file run10.pdb (PDB, C-alpha atoms)
ATOM      1  CA  MET L   1       3.819  -2.465 107.815  1.00  0.00           C
ATOM      2  CA  GLY L   2       2.836   1.032 106.707  1.00  0.00           C
ATOM      3  CA  SER L   3       2.691  -0.015 103.053  1.00  0.00           C
ATOM      4  CA  ILE L   4       0.348  -2.911 103.876  1.00  0.00           C
ATOM      5  CA  LYS L   5      -1.926  -0.542 105.797  1.00  0.00           C
ATOM      6  CA  ASN L   6      -1.906   1.984 102.934  1.00  0.00           C
ATOM      7  CA  LYS L   7      -2.722  -0.717 100.370  1.00  0.00           C
ATOM      8  CA  TRP L   8      -5.580  -1.971 102.542  1.00  0.00           C
ATOM      9  CA  LEU L   9      -6.958   1.564 102.998  1.00  0.00           C
ATOM     10  CA  THR L  10      -6.792   2.151  99.233  1.00  0.00           C
ATOM     11  CA  ILE L  11      -8.669  -1.090  98.552  1.00  0.00           C
ATOM     12  CA  TRP L  12     -11.238  -0.296 101.253  1.00  0.00           C
ATOM     13  CA  LYS L  13     -11.817   3.265  99.990  1.00  0.00           C
ATOM     14  CA  GLY L  14     -12.409   1.898  96.487  1.00  0.00           C
ATOM     15  CA  PHE L  15     -14.870  -0.632  97.882  1.00  0.00           C
ATOM     16  CA  GLU L  16     -16.667   2.133  99.810  1.00  0.00           C
ATOM     17  CA  VAL L  17     -17.029   4.228  96.651  1.00  0.00           C
ATOM     18  CA  LYS L  18     -18.350   1.322  94.571  1.00  0.00           C
ATOM     19  CA  HIS L  19     -20.568  -0.208  97.264  1.00  0.00           C
ATOM     20  CA  PRO L  20     -21.485   2.448  99.852  1.00  0.00           C
ATOM     21  CA  LYS L  21     -24.369   0.556 101.494  1.00  0.00           C
ATOM     22  CA  LEU L  22     -22.619  -2.807 101.525  1.00  0.00           C
ATOM     23  CA  SER L  23     -19.375  -1.286 102.842  1.00  0.00           C
ATOM     24  CA  LYS L  24     -21.301   0.317 105.730  1.00  0.00           C
ATOM     25  CA  TRP L  25     -22.806  -3.071 106.669  1.00  0.00           C
ATOM     26  CA  VAL L  26     -19.406  -4.796 106.421  1.00  0.00           C
ATOM     27  CA  TYR L  27     -17.804  -2.103 108.596  1.00  0.00           C
ATOM     28  CA  GLN L  28     -20.580  -2.280 111.200  1.00  0.00           C
ATOM     29  CA  ILE L  29     -20.702  -6.081 111.347  1.00  0.00           C
ATOM     30  CA  PHE L  30     -16.901  -6.262 111.670  1.00  0.00           C
ATOM     31  CA  TYR L  31     -16.645  -3.817 114.583  1.00  0.00           C
ATOM     32  CA  PHE L  32     -19.841  -5.080 116.172  1.00  0.00           C
ATOM     33  CA  PHE L  33     -18.406  -8.606 116.176  1.00  0.00           C
ATOM     34  CA  ILE L  34     -14.991  -7.533 117.519  1.00  0.00           C
ATOM     35  CA  PHE L  35     -16.451  -5.498 120.390  1.00  0.00           C
ATOM     36  CA  SER L  36     -19.107  -8.117 121.162  1.00  0.00           C
ATOM     37  CA  MET L  37     -16.514 -10.879 121.351  1.00  0.00           C
ATOM     38  CA  GLY L  38     -14.364  -8.706 123.612  1.00  0.00           C
ATOM     39  CA  VAL L  39     -17.174  -8.178 126.104  1.00  0.00           C
ATOM     40  CA  THR L  40     -18.116 -11.861 125.786  1.00  0.00           C
ATOM     41  CA  VAL L  41     -14.630 -12.803 127.024  1.00  0.00           C
ATOM     42  CA  PHE L  42     -15.059 -10.298 129.855  1.00  0.00           C
ATOM     43  CA  GLN L  43     -18.411 -11.862 130.779  1.00  0.00           C
ATOM     44  CA  TYR L  44     -16.879 -15.338 130.751  1.00  0.00           C
ATOM     45  CA  LEU L  45     -14.241 -14.246 133.257  1.00  0.00           C
ATOM     46  CA  VAL L  46     -16.912 -12.740 135.532  1.00  0.00           C
ATOM     47  CA  PHE L  47     -19.167 -15.819 135.230  1.00  0.00           C
ATOM     48  CA  THR L  48     -16.218 -18.079 136.058  1.00  0.00           C
ATOM     49  CA  PHE L  49     -14.519 -16.261 138.932  1.00  0.00           C
ATOM     50  CA  MET L  50     -17.134 -14.071 140.635  1.00  0.00           C
ATOM     51  CA  PRO L  51     -19.168 -17.022 142.018  1.00  0.00           C
ATOM     52  CA  TYR L  52     -16.045 -18.096 143.936  1.00  0.00           C
ATOM     53  CA  MET L  53     -15.672 -14.562 145.306  1.00  0.00           C
ATOM     54  CA  LEU L  54     -19.298 -14.626 146.479  1.00  0.00           C
ATOM     55  CA  GLY L  55     -18.752 -17.978 148.183  1.00  0.00           C
ATOM     56  CA  GLU L  56     -20.601 -21.171 148.962  1.00  0.00           C
ATOM     57  CA  LYS L  57     -23.321 -19.544 151.067  1.00  0.00           C
ATOM     58  CA  LEU L  58     -24.793 -17.661 148.095  1.00  0.00           C
ATOM     59  CA  ALA L  59     -24.192 -20.640 145.793  1.00  0.00           C
ATOM     60  CA  ALA L  60     -26.354 -22.730 148.137  1.00  0.00           C
ATOM     61  CA  THR L  61     -29.069 -20.044 148.389  1.00  0.00           C
ATOM     62  CA  GLU L  62     -31.986 -20.638 146.066  1.00  0.00           C
ATOM     63  CA  PHE L  63     -33.281 -17.665 144.113  1.00  0.00           C
ATOM     64  CA  MET L  64     -35.703 -18.470 141.312  1.00  0.00           C
ATOM     65  CA  TRP L  65     -38.866 -17.004 139.808  1.00  0.00           C
ATOM     66  CA  PRO L  66     -41.219 -18.479 138.740  1.00  0.00           C
ATOM     67  CA  GLN L  67     -40.495 -22.017 139.909  1.00  0.00           C
ATOM     68  CA  ILE L  68     -41.775 -24.613 137.416  1.00  0.00           C
ATOM     69  CA  PRO L  69     -40.702 -28.257 137.958  1.00  0.00           C
ATOM     70  CA  MET L  70     -39.342 -29.916 134.789  1.00  0.00           C
ATOM     71  CA  ASN L  71     -37.625 -33.118 133.664  1.00  0.00           C
ATOM     72  CA  LEU L  72     -35.391 -33.155 130.574  1.00  0.00           C
ATOM     73  CA  LEU L  73     -33.201 -36.105 129.547  1.00  0.00           C
ATOM     74  CA  GLY L  74     -33.690 -37.635 132.961  1.00  0.00           C
ATOM     75  CA  VAL L  75     -32.538 -34.515 134.811  1.00  0.00           C
ATOM     76  CA  GLU L  76     -35.076 -33.028 137.203  1.00  0.00           C
ATOM     77  CA  PHE L  77     -34.834 -29.283 137.758  1.00  0.00           C
ATOM     78  CA  THR L  78     -36.875 -26.164 138.343  1.00  0.00           C
ATOM     79  CA  TRP L  79     -37.267 -23.788 135.414  1.00  0.00           C
ATOM     80  CA  SER L  80     -37.293 -20.054 136.046  1.00  0.00           C
ATOM     81  CA  LEU L  81     -37.100 -16.777 134.191  1.00  0.00           C
ATOM     82  CA  LEU L  82     -34.896 -15.260 136.886  1.00  0.00           C
ATOM     83  CA  GLY L  83     -32.351 -17.133 138.960  1.00  0.00           C
ATOM     84  CA  TYR L  84     -30.620 -20.492 138.744  1.00  0.00           C
ATOM     85  CA  ASN L  85     -30.886 -23.910 140.365  1.00  0.00           C
ATOM     86  CA  VAL L  86     -28.693 -24.694 143.337  1.00  0.00           C
ATOM     87  CA  LEU L  87     -26.189 -27.277 142.142  1.00  0.00           C
ATOM     88  CA  PRO L  88     -25.874 -30.606 143.971  1.00  0.00           C
ATOM     89  CA  GLY L  89     -24.295 -30.040 147.384  1.00  0.00           C
ATOM     90  CA  GLY L  90     -24.595 -26.264 146.934  1.00  0.00           C
ATOM     91  CA  ALA L  91     -21.551 -26.268 144.657  1.00  0.00           C
ATOM     92  CA  ILE L  92     -20.154 -23.036 143.261  1.00  0.00           C
ATOM     93  CA  GLY L  93     -21.783 -22.204 139.927  1.00  0.00           C
ATOM     94  CA  GLY L  94     -25.439 -22.195 140.892  1.00  0.00           C
ATOM     95  CA  GLY L  95     -28.004 -20.478 143.088  1.00  0.00           C
ATOM     96  CA  LEU L  96     -28.032 -16.809 144.010  1.00  0.00           C
ATOM     97  CA  GLY L  97     -24.252 -16.553 143.669  1.00  0.00           C
ATOM     98  CA  TYR L  98     -24.339 -17.488 139.990  1.00  0.00           C
ATOM     99  CA  PHE L  99     -27.367 -15.273 139.333  1.00  0.00           C
ATOM    100  CA  ILE L 100     -25.592 -12.230 140.819  1.00  0.00           C
ATOM    101  CA  SER L 101     -22.424 -13.072 138.858  1.00  0.00           C
ATOM    102  CA  TYR L 102     -24.373 -13.469 135.629  1.00  0.00           C
ATOM    103  CA  GLU L 103     -26.258 -10.195 135.978  1.00  0.00           C
ATOM    104  CA  VAL L 104     -23.227  -8.182 137.150  1.00  0.00           C
ATOM    105  CA  GLY L 105     -21.068  -9.584 134.339  1.00  0.00           C
ATOM    106  CA  SER L 106     -23.750  -8.928 131.745  1.00  0.00           C
ATOM    107  CA  PHE L 107     -24.462  -5.387 132.999  1.00  0.00           C
ATOM    108  CA  LEU L 108     -20.785  -4.375 133.174  1.00  0.00           C
ATOM    109  CA  ALA L 109     -20.243  -5.797 129.699  1.00  0.00           C
ATOM    110  CA  GLN L 110     -23.027  -3.556 128.393  1.00  0.00           C
ATOM    111  CA  CYS L 111     -21.456  -0.527 130.095  1.00  0.00           C
ATOM    112  CA  ILE L 112     -18.298  -1.259 128.082  1.00  0.00           C
ATOM    113  CA  ASN L 113     -20.178  -2.190 124.917  1.00  0.00           C
ATOM    114  CA  PHE L 114     -22.528   0.819 124.742  1.00  0.00           C
ATOM    115  CA  PRO L 115     -19.964   3.583 124.034  1.00  0.00           C
ATOM    116  CA  LEU L 116     -17.921   1.377 121.698  1.00  0.00           C
ATOM    117  CA  GLN L 117     -20.903   0.400 119.574  1.00  0.00           C
ATOM    118  CA  ARG L 118     -22.461   3.868 119.647  1.00  0.00           C
ATOM    119  CA  ASN L 119     -19.334   5.890 118.856  1.00  0.00           C
ATOM    120  CA  ILE L 120     -17.219   3.551 116.718  1.00  0.00           C
ATOM    121  CA  THR L 121     -19.419   0.879 115.138  1.00  0.00           C
ATOM    122  CA  PHE L 122     -22.471   2.993 114.324  1.00  0.00           C
ATOM    123  CA  LYS L 123     -20.918   6.476 114.618  1.00  0.00           C
ATOM    124  CA  SER L 124     -24.175   7.759 116.019  1.00  0.00           C
ATOM    125  CA  LYS L 125     -24.718  11.404 116.988  1.00  0.00           C
ATOM    126  CA  GLY L 126     -28.119  10.833 118.536  1.00  0.00           C
ATOM    127  CA  ASN L 127     -29.125  11.818 122.057  1.00  0.00           C
ATOM    128  CA  PRO L 128     -26.975   9.583 124.347  1.00  0.00           C
ATOM    129  CA  VAL L 129     -29.451   9.637 127.256  1.00  0.00           C
ATOM    130  CA  TYR L 130     -32.331   8.564 125.014  1.00  0.00           C
ATOM    131  CA  GLN L 131     -30.160   5.850 123.480  1.00  0.00           C
ATOM    132  CA  ALA L 132     -28.892   4.633 126.866  1.00  0.00           C
ATOM    133  CA  VAL L 133     -32.457   4.288 128.165  1.00  0.00           C
ATOM    134  CA  TRP L 134     -33.527   2.239 125.139  1.00  0.00           C
ATOM    135  CA  TYR L 135     -30.310   0.222 125.336  1.00  0.00           C
ATOM    136  CA  PHE L 136     -31.075  -0.569 128.997  1.00  0.00           C
ATOM    137  CA  ILE L 137     -34.652  -1.609 128.160  1.00  0.00           C
ATOM    138  CA  ALA L 138     -33.374  -3.821 125.328  1.00  0.00           C
ATOM    139  CA  TRP L 139     -30.763  -5.367 127.646  1.00  0.00           C
ATOM    140  CA  ILE L 140     -33.428  -6.264 130.237  1.00  0.00           C
ATOM    141  CA  ALA L 141     -35.720  -7.802 127.588  1.00  0.00           C
ATOM    142  CA  ILE L 142     -32.901  -9.756 125.941  1.00  0.00           C
ATOM    143  CA  SER L 143     -31.593 -10.893 129.338  1.00  0.00           C
ATOM    144  CA  LEU L 144     -35.013 -12.281 130.260  1.00  0.00           C
ATOM    145  CA  ILE L 145     -35.252 -14.128 126.934  1.00  0.00           C
ATOM    146  CA  CYS L 146     -31.751 -15.567 127.363  1.00  0.00           C
ATOM    147  CA  ASN L 147     -32.352 -16.487 131.014  1.00  0.00           C
ATOM    148  CA  GLY L 148     -35.541 -18.338 130.157  1.00  0.00           C
ATOM    149  CA  PHE L 149     -33.820 -20.184 127.303  1.00  0.00           C
ATOM    150  CA  ASN L 150     -30.666 -20.943 129.319  1.00  0.00           C
ATOM    151  CA  ASN L 151     -32.635 -22.337 132.235  1.00  0.00           C
ATOM    152  CA  LEU L 152     -34.013 -25.040 129.943  1.00  0.00           C
ATOM    153  CA  TRP L 153     -30.634 -26.524 129.020  1.00  0.00           C
ATOM    154  CA  MET L 154     -28.167 -25.319 131.683  1.00  0.00           C
ATOM    155  CA  PRO L 155     -29.296 -27.727 134.448  1.00  0.00           C
ATOM    156  CA  VAL L 156     -28.846 -30.644 132.018  1.00  0.00           C
ATOM    157  CA  ALA L 157     -25.430 -29.383 130.892  1.00  0.00           C
ATOM    158  CA  ALA L 158     -24.320 -28.968 134.513  1.00  0.00           C
ATOM    159  CA  GLU L 159     -24.841 -32.704 135.021  1.00  0.00           C
ATOM    160  CA  TYR L 160     -22.557 -33.709 132.154  1.00  0.00           C
ATOM    161  CA  VAL L 161     -19.784 -31.120 131.693  1.00  0.00           C
ATOM    162  CA  ALA L 162     -17.094 -29.511 133.843  1.00  0.00           C
ATOM    163  CA  PRO L 163     -17.773 -26.020 135.307  1.00  0.00           C
ATOM    164  CA  ALA L 164     -15.293 -24.293 132.948  1.00  0.00           C
ATOM    165  CA  VAL L 165     -16.958 -25.889 129.892  1.00  0.00           C
ATOM    166  CA  TYR L 166     -20.370 -25.109 131.367  1.00  0.00           C
ATOM    167  CA  ASN L 167     -19.468 -21.405 131.725  1.00  0.00           C
ATOM    168  CA  LEU L 168     -18.074 -21.387 128.191  1.00  0.00           C
ATOM    169  CA  LEU L 169     -21.340 -22.820 126.838  1.00  0.00           C
ATOM    170  CA  VAL L 170     -23.430 -20.326 128.830  1.00  0.00           C
ATOM    171  CA  THR L 171     -21.272 -17.435 127.623  1.00  0.00           C
ATOM    172  CA  PHE L 172     -21.293 -18.304 123.940  1.00  0.00           C
ATOM    173  CA  VAL L 173     -24.898 -19.479 123.674  1.00  0.00           C
ATOM    174  CA  THR L 174     -26.103 -16.375 125.529  1.00  0.00           C
ATOM    175  CA  GLY L 175     -23.637 -14.166 123.688  1.00  0.00           C
ATOM    176  CA  GLY L 176     -24.578 -15.597 120.290  1.00  0.00           C
ATOM    177  CA  VAL L 177     -28.309 -15.091 120.798  1.00  0.00           C
ATOM    178  CA  SER L 178     -27.766 -11.637 122.297  1.00  0.00           C
ATOM    179  CA  MET L 179     -25.418 -10.547 119.493  1.00  0.00           C
ATOM    180  CA  ILE L 180     -27.926 -11.307 116.757  1.00  0.00           C
ATOM    181  CA  ILE L 181     -30.762  -9.491 118.544  1.00  0.00           C
ATOM    182  CA  PHE L 182     -28.599  -6.579 119.688  1.00  0.00           C
ATOM    183  CA  PHE L 183     -27.218  -5.860 116.201  1.00  0.00           C
ATOM    184  CA  PHE L 184     -30.674  -5.020 114.878  1.00  0.00           C
ATOM    185  CA  VAL L 185     -31.613  -3.183 118.076  1.00  0.00           C
ATOM    186  CA  PHE L 186     -28.490  -1.036 117.596  1.00  0.00           C
ATOM    187  CA  LYS L 187     -29.459  -0.299 113.996  1.00  0.00           C
ATOM    188  CA  ILE L 188     -32.644   1.248 115.416  1.00  0.00           C
ATOM    189  CA  ILE L 189     -31.371   3.099 118.498  1.00  0.00           C
ATOM    190  CA  PHE L 190     -28.048   4.247 116.979  1.00  0.00           C
ATOM    191  CA  PRO L 191     -29.067   6.130 113.816  1.00  0.00           C
ATOM    192  CA  GLU L 192     -25.790   6.980 112.113  1.00  0.00           C
ATOM    193  CA  GLY L 193     -24.866  10.617 111.760  1.00  0.00           C
ATOM    194  CA  GLU L 194     -28.035  12.002 113.301  1.00  0.00           C
ATOM    195  CA  ASN L 195     -27.916  14.807 115.828  1.00  0.00           C
ATOM    196  CA  LYS L 196     -31.536  15.357 116.621  1.00  0.00           C
ATOM    197  CA  ASN L 197     -33.260  15.539 119.980  1.00  0.00           C
ATOM    198  CA  GLU L 198     -35.384  12.406 120.256  1.00  0.00           C
ATOM    199  CA  ALA L 199     -38.642  12.738 122.095  1.00  0.00           C
TER     200      ALA L 199
END
call {"tool": "encode", "arguments": {"input": "run10.pdb", "output": "C-alpha cells"}}
result
Amino acid sequence: MGSIKNKWLTIWKGFEVKHPKLSKWVYQIFYFFIFSMGVTVFQYLVFTFMPYMLGEKLAATEFMWPQIPMNLLGVEFTWSLLGYNVLPGGAIGGGLGYFISYEVGSFLAQCINFPLQRNITFKSKGNPVYQAVWYFIAWIAISLICNGFNNLWMPVAAEYVAPAVYNLLVTFVTGGVSMIIFFFVFKIIFPEGENKNEA
C-alpha cells in the first residue's frame, strides 16, 4: 500500500512541476467535488428525515412567497421564490416542514463545507470573517436561484415519483447547480496563499 502511495506521489509531483497551473486546478476540482458530494449526501439525509421529525402539522402549513399560480404538464401549483407547495392531503415532504428542512440542511452543509473548502481545497490564508460573510451572501443568493428553479419542476415531479426519488432529484439538481456556481465563487473569496486584511 505504501509503495502505491509513494508511486502516486512521485507521479503527482512530476505533474505539478511540469504543469503548475493545471495541477492546481485538478487538485482544487478533485477536493471541491469530494467535499461537495459529501455535504450533498448530508443534505439528502436532512431533506429526507427532518420533515418527518417536524411532523404533519408543518407539512400541511403553507409558506410561500410570492404566490404565482402556474400550470405545467397538467399539474397546477403555486410558484414561489421561498417556500414549497403543500402536498396533496398535507403529506410529509411539502409545506413549511419541507422548507425548514431544506434551509436547515443547506445551511448546516455550508457550515461543514466552508472550512473544508477554505483550508484544504483552496488553502486560503485570507481573513476568515470577511470570507465567511461573502460565503453567507453567496449562499443566500444561490439558494434563492435554486429555490426559484426548483419550484418550477418539483411540484410536477412530486406527482410522478416516490418521495425518496423526489428528494434525490432535489438534492442532486440543487447540488449540481450550486456546485458549479460555488466553485467560481470560491475562486474569488478564497484567494490561495494570501494573508492580507480585506477591507
call {"tool": "atom_distance", "arguments": {"input": "run10.pdb", "atom1": "atom CA of L:Leu73", "atom2": "atom CA of L:Pro51"}}
result
26.8 Å
call {"tool": "closest_residue", "arguments": {"input": "run10.pdb", "among": "L:Phe183, L:Phe149, L:Phe114, L:Phe99", "to": "L:Pro128", "atoms": "all atoms listed in the file"}}
result
L:Phe114
call {"tool": "atom_distance", "arguments": {"input": "run10.pdb", "atom1": "atom CA of L:Trp12", "atom2": "atom CA of L:Phe32"}}
result
17.9 Å
call {"tool": "closest_residue", "arguments": {"input": "run10.pdb", "among": "L:Ala157, L:Met64, L:Val39, L:Val129", "to": "L:Cys111", "atoms": "all atoms listed in the file"}}
result
L:Val39
call {"tool": "atom_distance", "arguments": {"input": "run10.pdb", "atom1": "atom CA of L:Leu58", "atom2": "atom CA of L:Gly175"}}
result
24.7 Å
call {"tool": "closest_residue", "arguments": {"input": "run10.pdb", "among": "L:Tyr102, L:Gln131, L:Val185, L:Phe49", "to": "L:Asn119", "atoms": "only C-alpha atoms"}}
result
L:Gln131
call {"tool": "residues_near_point", "arguments": {"input": "run10.pdb", "point": "(-19.2, -14.0, 127.3)", "cutoff": "9 Å", "atoms": "all atoms listed in the file", "output": "ChimeraX atom specification"}}
result
/L:36-47,105-106,109,167-168,170-176
call {"tool": "closest_residue", "arguments": {"input": "run10.pdb", "among": "L:Pro20, L:Pro88, L:Gly14, L:Gly55", "to": "L:Pro155", "atoms": "all atoms listed in the file"}}
result
L:Pro88
call {"tool": "residues_around", "arguments": {"input": "run10.pdb", "residues": "L:Thr61", "least_positions_apart": "4", "cutoff": "8 Å", "atoms": "only C-alpha atoms", "output": "list in words"}}
result
Lys57, Val86, Gly90, Gly95, Leu96 and Gly97 of chain L
call {"tool": "resolve_selection", "arguments": {"input": "run10.pdb", "expression": "the PyMOL selection byres ((chain L and resi 122) around 10)", "output": "ChimeraX atom specification"}}
result
/L:24-25,27-29,31-32,116-121,123-125,186-187,189-193
call {"tool": "closest_residue", "arguments": {"input": "run10.pdb", "among": "L:Val156, L:Ile188, L:Met50, L:Leu108", "to": "L:Gly126", "atoms": "all atoms listed in the file"}}
result
L:Ile188
call {"tool": "resolve_selection", "arguments": {"input": "run10.pdb", "expression": "the PyMOL selection byres ((chain L and resi 76) around 12)", "output": "PyMOL selection string"}}
result
chain L and resi 68-75+77-79+85+87-88+152-156+158-159
call {"tool": "closest_residue", "arguments": {"input": "run10.pdb", "among": "L:Ala138, L:Cys146, L:Leu54, L:Ile112", "to": "L:Ala91", "atoms": "only C-alpha atoms"}}
result
L:Leu54
call {"tool": "decode", "arguments": {"input": "run10.pdb", "residues": "stretch 72-86 of chain L", "atoms": "N, CA and C atoms", "output": "short mmCIF file (atom, residue, chain, number, x, y, z; two decimals), in the first residue's frame"}}
result
data_model
loop_
_atom_site.label_atom_id
_atom_site.label_comp_id
_atom_site.auth_asym_id
_atom_site.auth_seq_id
_atom_site.Cartn_x
_atom_site.Cartn_y
_atom_site.Cartn_z
N LEU L 72 -48.10 23.40 -15.29
CA LEU L 72 -47.10 22.76 -16.15
C LEU L 72 -47.43 21.29 -16.28
N LEU L 73 -47.48 20.81 -17.53
CA LEU L 73 -47.76 19.40 -17.82
C LEU L 73 -49.02 18.91 -17.12
N GLY L 74 -50.00 19.80 -17.04
CA GLY L 74 -51.27 19.42 -16.45
C GLY L 74 -51.30 19.46 -14.93
N VAL L 75 -50.21 19.88 -14.32
CA VAL L 75 -50.14 19.97 -12.85
C VAL L 75 -50.27 21.43 -12.45
N GLU L 76 -51.30 21.73 -11.68
CA GLU L 76 -51.50 23.09 -11.19
C GLU L 76 -50.78 23.26 -9.86
N PHE L 77 -50.04 24.36 -9.73
CA PHE L 77 -49.31 24.62 -8.50
C PHE L 77 -49.06 26.11 -8.37
N THR L 78 -48.53 26.49 -7.24
CA THR L 78 -48.20 27.89 -6.99
C THR L 78 -46.68 28.02 -6.93
N TRP L 79 -46.14 28.88 -7.81
CA TRP L 79 -44.69 29.07 -7.84
C TRP L 79 -44.31 30.10 -6.78
N SER L 80 -43.15 29.88 -6.17
CA SER L 80 -42.64 30.84 -5.19
C SER L 80 -41.13 30.84 -5.21
N LEU L 81 -40.57 31.91 -4.68
CA LEU L 81 -39.12 32.00 -4.52
C LEU L 81 -38.70 31.40 -3.19
N LEU L 82 -39.57 31.55 -2.20
CA LEU L 82 -39.35 30.96 -0.88
C LEU L 82 -40.53 30.09 -0.53
N GLY L 83 -40.26 28.91 0.00
CA GLY L 83 -41.33 28.02 0.44
C GLY L 83 -41.69 26.98 -0.60
N TYR L 84 -42.55 26.05 -0.19
CA TYR L 84 -42.94 24.95 -1.05
C TYR L 84 -44.44 24.69 -0.93
N ASN L 85 -45.02 24.14 -2.01
CA ASN L 85 -46.42 23.77 -2.00
C ASN L 85 -46.70 22.73 -0.92
N VAL L 86 -47.91 22.79 -0.38
CA VAL L 86 -48.39 21.71 0.48
C VAL L 86 -48.78 20.56 -0.44
#
